[in-house]
Structure formats: C-alpha cells, structure tokens
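What's in coords_39.pdb: PDB, C-alpha atoms and all ligand atoms
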ATOM      1  CA  MET A   1      89.916 113.321  73.290  1.00  0.00           C
ATOM      2  CA  SER A   2      92.111 113.047  76.347  1.00  0.00           C
ATOM      3  CA  ARG A   3      91.240 112.601  80.017  1.00  0.00           C
ATOM      4  CA  THR A   4      93.284 113.510  83.073  1.00  0.00           C
ATOM      5  CA  GLY A   5      93.273 111.861  86.491  1.00  0.00           C
ATOM      6  CA  ILE A   6      94.866 112.758  89.808  1.00  0.00           C
ATOM      7  CA  GLY A   7      96.175 110.379  92.451  1.00  0.00           C
ATOM      8  CA  TYR A   8      97.461 110.788  95.987  1.00  0.00           C
ATOM      9  CA  ASP A   9      98.850 108.318  98.489  1.00  0.00           C
ATOM     10  CA  SER A  10     100.845 108.291 101.703  1.00  0.00           C
ATOM     11  CA  HIS A  11     102.455 105.572 103.792  1.00  0.00           C
ATOM     12  CA  LYS A  12     104.110 105.542 107.199  1.00  0.00           C
ATOM     13  CA  LEU A  13     107.896 105.152 107.489  1.00  0.00           C
ATOM     14  CA  VAL A  14     108.857 102.337 109.863  1.00  0.00           C
ATOM     15  CA  THR A  15     111.943 100.284 110.689  1.00  0.00           C
ATOM     16  CA  GLY A  16     112.288  96.741 109.398  1.00  0.00           C
ATOM     17  CA  ARG A  17     110.757  97.321 105.970  1.00  0.00           C
ATOM     18  CA  PRO A  18     112.438  98.038 102.610  1.00  0.00           C
ATOM     19  CA  LEU A  19     111.862 101.460 101.037  1.00  0.00           C
ATOM     20  CA  ILE A  20     110.341 100.734  97.619  1.00  0.00           C
ATOM     21  CA  LEU A  21     109.511 103.744  95.460  1.00  0.00           C
ATOM     22  CA  GLY A  22     108.587 103.529  91.786  1.00  0.00           C
ATOM     23  CA  GLY A  23     109.577  99.863  91.713  1.00  0.00           C
ATOM     24  CA  GLN A  24     113.070 100.581  93.041  1.00  0.00           C
ATOM     25  CA  THR A  25     114.437  99.464  96.396  1.00  0.00           C
ATOM     26  CA  ILE A  26     116.109 102.568  97.831  1.00  0.00           C
ATOM     27  CA  PRO A  27     118.777 102.060 100.525  1.00  0.00           C
ATOM     28  CA  HIS A  28     117.500 103.720 103.740  1.00  0.00           C
ATOM     29  CA  SER A  29     117.173 103.102 107.483  1.00  0.00           C
ATOM     30  CA  HIS A  30     113.359 102.989 107.208  1.00  0.00           C
ATOM     31  CA  GLY A  31     110.799 101.610 104.765  1.00  0.00           C
ATOM     32  CA  LEU A  32     107.093 102.053 104.166  1.00  0.00           C
ATOM     33  CA  ALA A  33     104.455 100.149 106.122  1.00  0.00           C
ATOM     34  CA  GLY A  34     101.613  98.581 104.176  1.00  0.00           C
ATOM     35  CA  HIS A  35      99.747  95.438 103.170  1.00  0.00           C
ATOM     36  CA  SER A  36     101.437  95.352  99.756  1.00  0.00           C
ATOM     37  CA  ASP A  37     105.057  96.421  99.180  1.00  0.00           C
ATOM     38  CA  ALA A  38     103.740  99.925 100.091  1.00  0.00           C
ATOM     39  CA  ASP A  39     105.171 101.529  96.934  1.00  0.00           C
ATOM     40  CA  VAL A  40     103.486 104.896  97.462  1.00  0.00           C
ATOM     41  CA  VAL A  41     104.596 106.114  94.015  1.00  0.00           C
ATOM     42  CA  ALA A  42     103.027 103.180  92.180  1.00  0.00           C
ATOM     43  CA  HIS A  43      99.862 103.537  94.290  1.00  0.00           C
ATOM     44  CA  ALA A  44      99.382 107.252  93.555  1.00  0.00           C
ATOM     45  CA  LEU A  45      99.987 106.696  89.850  1.00  0.00           C
ATOM     46  CA  THR A  46      97.582 103.730  89.790  1.00  0.00           C
ATOM     47  CA  ASP A  47      94.882 105.972  91.279  1.00  0.00           C
ATOM     48  CA  ALA A  48      95.615 108.710  88.720  1.00  0.00           C
ATOM     49  CA  ILE A  49      95.180 106.229  85.859  1.00  0.00           C
ATOM     50  CA  LEU A  50      91.984 104.734  87.272  1.00  0.00           C
ATOM     51  CA  GLY A  51      90.689 108.218  88.067  1.00  0.00           C
ATOM     52  CA  ALA A  52      91.235 109.449  84.523  1.00  0.00           C
ATOM     53  CA  ALA A  53      88.921 106.694  83.295  1.00  0.00           C
ATOM     54  CA  ALA A  54      86.461 107.231  86.189  1.00  0.00           C
ATOM     55  CA  ALA A  55      87.164 103.555  86.912  1.00  0.00           C
ATOM     56  CA  GLY A  56      87.216 103.645  90.705  1.00  0.00           C
ATOM     57  CA  ASP A  57      90.391 103.505  92.757  1.00  0.00           C
ATOM     58  CA  ILE A  58      93.124 101.182  93.925  1.00  0.00           C
ATOM     59  CA  GLY A  59      91.137 100.146  96.990  1.00  0.00           C
ATOM     60  CA  THR A  60      88.138  98.989  94.964  1.00  0.00           C
ATOM     61  CA  HIS A  61      90.204  96.932  92.498  1.00  0.00           C
ATOM     62  CA  PHE A  62      92.945  95.635  94.825  1.00  0.00           C
ATOM     63  CA  PRO A  63      91.499  95.705  98.376  1.00  0.00           C
ATOM     64  CA  ASP A  64      94.028  95.462 101.208  1.00  0.00           C
ATOM     65  CA  THR A  65      91.659  93.026 102.939  1.00  0.00           C
ATOM     66  CA  ASP A  66      92.349  90.502 100.158  1.00  0.00           C
ATOM     67  CA  PRO A  67      95.236  88.126 101.005  1.00  0.00           C
ATOM     68  CA  GLN A  68      96.127  87.900  97.293  1.00  0.00           C
ATOM     69  CA  TRP A  69      97.571  91.452  97.505  1.00  0.00           C
ATOM     70  CA  LYS A  70      99.645  90.861 100.661  1.00  0.00           C
ATOM     71  CA  GLY A  71     103.226  91.824  99.841  1.00  0.00           C
ATOM     72  CA  ALA A  72     102.121  92.539  96.263  1.00  0.00           C
ATOM     73  CA  ASP A  73     104.522  94.105  93.768  1.00  0.00           C
ATOM     74  CA  SER A  74     102.740  97.419  93.282  1.00  0.00           C
ATOM     75  CA  VAL A  75     104.221  97.933  89.814  1.00  0.00           C
ATOM     76  CA  GLY A  76     102.120  94.874  88.933  1.00  0.00           C
ATOM     77  CA  LEU A  77      99.047  96.743  90.201  1.00  0.00           C
ATOM     78  CA  LEU A  78     100.022  99.629  87.944  1.00  0.00           C
ATOM     79  CA  ARG A  79     100.127  97.274  84.955  1.00  0.00           C
ATOM     80  CA  ALA A  80      96.745  95.874  85.997  1.00  0.00           C
ATOM     81  CA  ALA A  81      95.320  99.414  86.135  1.00  0.00           C
ATOM     82  CA  CYS A  82      96.498  99.947  82.534  1.00  0.00           C
ATOM     83  CA  ASP A  83      94.596  96.789  81.561  1.00  0.00           C
ATOM     84  CA  ILE A  84      91.457  98.034  83.358  1.00  0.00           C
ATOM     85  CA  VAL A  85      91.457 101.357  81.499  1.00  0.00           C
ATOM     86  CA  ALA A  86      92.351  99.590  78.223  1.00  0.00           C
ATOM     87  CA  ALA A  87      89.187  97.493  78.607  1.00  0.00           C
ATOM     88  CA  ARG A  88      87.279 100.811  78.779  1.00  0.00           C
ATOM     89  CA  GLY A  89      88.877 102.030  75.562  1.00  0.00           C
ATOM     90  CA  PHE A  90      91.776 104.138  76.862  1.00  0.00           C
ATOM     91  CA  ARG A  91      95.547 104.027  76.795  1.00  0.00           C
ATOM     92  CA  VAL A  92      97.911 105.909  79.083  1.00  0.00           C
ATOM     93  CA  ALA A  93      99.664 108.683  77.177  1.00  0.00           C
ATOM     94  CA  GLN A  94     101.684 110.476  79.841  1.00  0.00           C
ATOM     95  CA  ALA A  95     102.272 110.632  83.593  1.00  0.00           C
ATOM     96  CA  ASP A  96     103.834 113.047  86.063  1.00  0.00           C
ATOM     97  CA  VAL A  97     104.664 112.255  89.682  1.00  0.00           C
ATOM     98  CA  THR A  98     105.905 114.284  92.663  1.00  0.00           C
ATOM     99  CA  VAL A  99     107.263 112.339  95.633  1.00  0.00           C
ATOM    100  CA  LEU A 100     107.276 114.196  98.961  1.00  0.00           C
ATOM    101  CA  LEU A 101     109.861 112.912 101.413  1.00  0.00           C
ATOM    102  CA  GLU A 102     112.428 114.437 103.673  1.00  0.00           C
ATOM    103  CA  ARG A 103     115.099 111.728 103.368  1.00  0.00           C
ATOM    104  CA  PRO A 104     116.839 110.122 101.549  1.00  0.00           C
ATOM    105  CA  ARG A 105     117.618 112.259  98.510  1.00  0.00           C
ATOM    106  CA  LEU A 106     115.966 110.554  95.532  1.00  0.00           C
ATOM    107  CA  GLY A 107     117.917 112.278  92.750  1.00  0.00           C
ATOM    108  CA  PRO A 108     120.222 109.334  92.000  1.00  0.00           C
ATOM    109  CA  HIS A 109     117.238 106.931  91.802  1.00  0.00           C
ATOM    110  CA  ILE A 110     114.950 108.991  89.576  1.00  0.00           C
ATOM    111  CA  PRO A 111     116.184 107.616  86.213  1.00  0.00           C
ATOM    112  CA  ALA A 112     115.564 104.017  87.353  1.00  0.00           C
ATOM    113  CA  MET A 113     112.150 104.934  88.782  1.00  0.00           C
ATOM    114  CA  ARG A 114     111.146 106.603  85.510  1.00  0.00           C
ATOM    115  CA  ALA A 115     112.349 103.589  83.518  1.00  0.00           C
ATOM    116  CA  ALA A 116     110.436 101.119  85.722  1.00  0.00           C
ATOM    117  CA  LEU A 117     107.212 103.132  85.628  1.00  0.00           C
ATOM    118  CA  ALA A 118     107.490 103.736  81.863  1.00  0.00           C
ATOM    119  CA  ALA A 119     107.974 100.004  81.289  1.00  0.00           C
ATOM    120  CA  ALA A 120     104.877  99.226  83.374  1.00  0.00           C
ATOM    121  CA  LEU A 121     102.832 101.796  81.436  1.00  0.00           C
ATOM    122  CA  GLY A 122     104.205 100.683  78.065  1.00  0.00           C
ATOM    123  CA  LEU A 123     105.488 104.195  77.362  1.00  0.00           C
ATOM    124  CA  PRO A 124     108.788 105.723  76.262  1.00  0.00           C
ATOM    125  CA  VAL A 125     110.599 107.092  79.307  1.00  0.00           C
ATOM    126  CA  GLU A 126     110.215 110.622  77.893  1.00  0.00           C
ATOM    127  CA  GLN A 127     106.470 110.377  78.630  1.00  0.00           C
ATOM    128  CA  VAL A 128     106.995 109.662  82.341  1.00  0.00           C
ATOM    129  CA  SER A 129     108.178 112.315  84.784  1.00  0.00           C
ATOM    130  CA  VAL A 130     109.240 111.711  88.394  1.00  0.00           C
ATOM    131  CA  LYS A 131     110.184 114.574  90.699  1.00  0.00           C
ATOM    132  CA  ALA A 132     111.054 114.643  94.394  1.00  0.00           C
ATOM    133  CA  LYS A 133     110.703 117.380  96.993  1.00  0.00           C
ATOM    134  CA  THR A 134     111.255 117.715 100.714  1.00  0.00           C
ATOM    135  CA  ASN A 135     108.506 119.321 102.778  1.00  0.00           C
ATOM    136  CA  GLU A 136     110.923 121.854 104.310  1.00  0.00           C
ATOM    137  CA  GLY A 137     110.678 120.122 107.685  1.00  0.00           C
ATOM    138  CA  MET A 138     106.928 120.717 107.981  1.00  0.00           C
ATOM    139  CA  GLY A 139     104.184 118.227 108.797  1.00  0.00           C
ATOM    140  CA  PHE A 140     104.390 114.416 108.788  1.00  0.00           C
ATOM    141  CA  VAL A 141     106.643 114.377 105.742  1.00  0.00           C
ATOM    142  CA  GLY A 142     108.944 116.969 107.256  1.00  0.00           C
ATOM    143  CA  ARG A 143     109.214 115.037 110.523  1.00  0.00           C
ATOM    144  CA  GLY A 144     110.177 111.900 108.595  1.00  0.00           C
ATOM    145  CA  GLU A 145     107.034 110.049 109.692  1.00  0.00           C
ATOM    146  CA  GLY A 146     105.956 109.153 106.186  1.00  0.00           C
ATOM    147  CA  VAL A 147     106.184 109.604 102.438  1.00  0.00           C
ATOM    148  CA  ALA A 148     103.434 111.067 100.251  1.00  0.00           C
ATOM    149  CA  THR A 149     103.058 111.133  96.470  1.00  0.00           C
ATOM    150  CA  LEU A 150     100.979 113.159  94.034  1.00  0.00           C
ATOM    151  CA  ALA A 151     100.441 111.866  90.503  1.00  0.00           C
ATOM    152  CA  VAL A 152      98.702 112.991  87.331  1.00  0.00           C
ATOM    153  CA  ALA A 153      98.031 110.759  84.345  1.00  0.00           C
ATOM    154  CA  THR A 154      96.635 111.536  80.903  1.00  0.00           C
ATOM    155  CA  LEU A 155      94.697 108.944  78.946  1.00  0.00           C
ATOM    156  CA  GLU A 156      93.846 108.958  75.246  1.00  0.00           C
ATOM    157  CA  VAL A 157      91.148 107.028  73.431  1.00  0.00           C
ATOM    158  CA  ARG A 158      92.660 103.878  71.943  1.00  0.00           C
TER     159      ARG A 158
HETATM  160 MG    MG A 201      99.040 102.959  99.269  1.00  0.00          MG
END
Let me see whether you can do it: turn the structure in this file into structure tokens.
Ligand code: MG
Amino acid sequence: MSRTGIGYDSHKLVTGRPLILGGQTIPHSHGLAGHSDADVVAHALTDAILGAAAAGDIGTHFPDTDPQWKGADSVGLLRAACDIVAARGFRVAQADVTVLLERPRLGPHIPAMRAALAAALGLPVEQVSVKAKTNEGMGFVGRGEGVATLAVATLEVR
C-alpha cells in the first residue's frame, strides 16, 4: 500500500536574508523571511510527507512560536518528519517538488538541491525530483514578492 501527500508553502522575499532553497544557499539580492531559515522547498516537502501519513503539519510539530526552531536548518525538519512517519510505520519512497519563483534561474542549482533533499530523505537521487517555474510575471511570485513551492510525497509501508 502506498499513500500520497501534498504540501504547499510560500515565504516573502526580503533584503538582508540568504536565499536558501532545498538546503542550498543560492546567490541572490534577496532572501526569504521566516522564523527558521525559511527554506520554502524543505517546508513544502515536510508538509507533503506529514500529510501522506495524516500526521499533522509542519506548524503542529515545529511551531514558529518555539524558540528552539528560530533560525532552524529546515532540512533537519525534513529529516525529523521522516522519523515521525517512520514511527507510524511508513517510509518515504519518492518526492516531487515544483518551486515557483521569478528570479533567479534555479537550473544550475537543481542537482545540488535534489542531492540534499535525497540525502535527508534517505533516498537515491533518482527518487527525488525538483523543478522550477516562473509565474510569467503574474501575482506575488511574478512581482518578485515571494517564492512558493508545491510538493508531493509518496510513502510506503515499512
Ligand atoms: Mg514555511
């Protein structure tokens, strides 16, 4: 039996913060605002994994009101989500992510993002997909106000 979960997240682009996506620091004039490192890719994927197990969401397990998560490495949260679903009898089998951002172009960073996410999930890189799209100038993504991410994860019974 397999189970599928969906995750979504968005963060605001601001000056004076690093842009961290999928565990990689991406050179850019702006970064993402947030309590943790604001890695929107790791957050969406964490929610997809938790969702597949009907195990709540990132906010219930790692609340942004808790000082222990201030500046947190969000790839660590992703690993913690794998442990949470493992305790419920599941393992992550596969993940697919779409990052929505207008700039910068993520193409050169995608292999490193896939490798970092696959390592966190304990999967071969072939089981982890990362894609990037612009929003064709439309909406908050198109205006460069923020970055959004959609993620899907499949779990199998351990
Ligand atoms: Mg978030």
(message) What would the selection look like, as a list in words, if the PyMOL selection byres (((chain A and resi 90-95) around 7) and not hetatm) were run on the coordinates I just shared?
(response) Val85, Ala86, Arg88, Gly89, Asp96, Val97, Leu121, Gln127, Val128, Ser129, Val152, Ala153, Thr154, Leu155, Glu156, Val157 and Arg158 of chain A
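When the PyMOL selection byres (((not hetatm)) within 9 of (chain A and resi 201)) is evaluated on the file shown here, the picked residues come out as Tyr8, Asp9, Ser10, His11, Gly34, His35, Ser36, Asp37, Ala38, Asp39, Val40, Val41, Ala42, His43, Ala44, Ile58, Gly59 and Ser74 of chain A.
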(message) Ranking A:Leu19, A:Leu123, A:Ala81, A:Arg114 by minimum distance to Leu101 in chain A and counting only C-alpha atoms, which one comes first?
(response)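 Among the listed residues, A:Leu19 lies closest to Leu101 in chain A.
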(message) Taking all atoms listed in the file into account, name the residue in A:Arg105, A:Leu32, A:Gly51, A:Met1 that is nearest to Ala151 in chain A.
(response) A:Gly51
(request) I would like the residues chosen by the PyMOL selection byres (((chain A and resi 62) around 12) and not hetatm) on the shown file; could you give them as a list in words? (result) His35, Ser36, His43, Thr46, Asp47, Leu50, Gly56, Asp57, Ile58, Gly59, Thr60, His61, Pro63, Asp64, Thr65, Asp66, Pro67, Gln68, Trp69, Lys70, Ala72, Asp73, Ser74, Gly76, Leu77, Leu78, Ala80, Ala81 and Ile84 of chain A
(request) Go through A:Lys12, A:Arg3, A:His30, A:His109 and flag the residue nearest Val141 in chain A, using all atoms listed in the file for the distances. (result) A:Lys12
(message) Please determine, counting all atoms listed in the file, which residue among A:Ala53, A:Ile20, A:Leu100, A:Val75 has the shortest atom-to-atom distance to Glu145 in chain A.
(response)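 Smallest distance to Glu145 in chain A is found for A:Leu100.
When all atoms listed in the file are used to compute distances to Leu150 in chain A, the closest of the residues A:Thr134, A:Ser29, A:Thr15, A:Thr98 turns out to be A:Thr98.
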(request) May I ask for the distance between CA of Pro124 in chain A and CA of Pro111 in chain A, given in Å to one decimal place? (result)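 Distance reported for this atom pair: 12.5 Å.
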(message) My list of candidates is A:Thr149, A:Ala112, A:Ala87, A:Ala52. Which is closest to Val99 in chain A when distances are computed with all atoms listed in the file?
(response)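 Distance minimum relative to Val99 in chain A lands on A:Thr149.
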(request) Excluding Gly122 in chain A and residues on its chain fewer than 4 positions from it, collect all residues at most 9 Å away from it, counting all atoms listed in the file, and give them as a list in words. (result) Arg79, Cys82, Val92, Leu117 and Ala118 of chain A
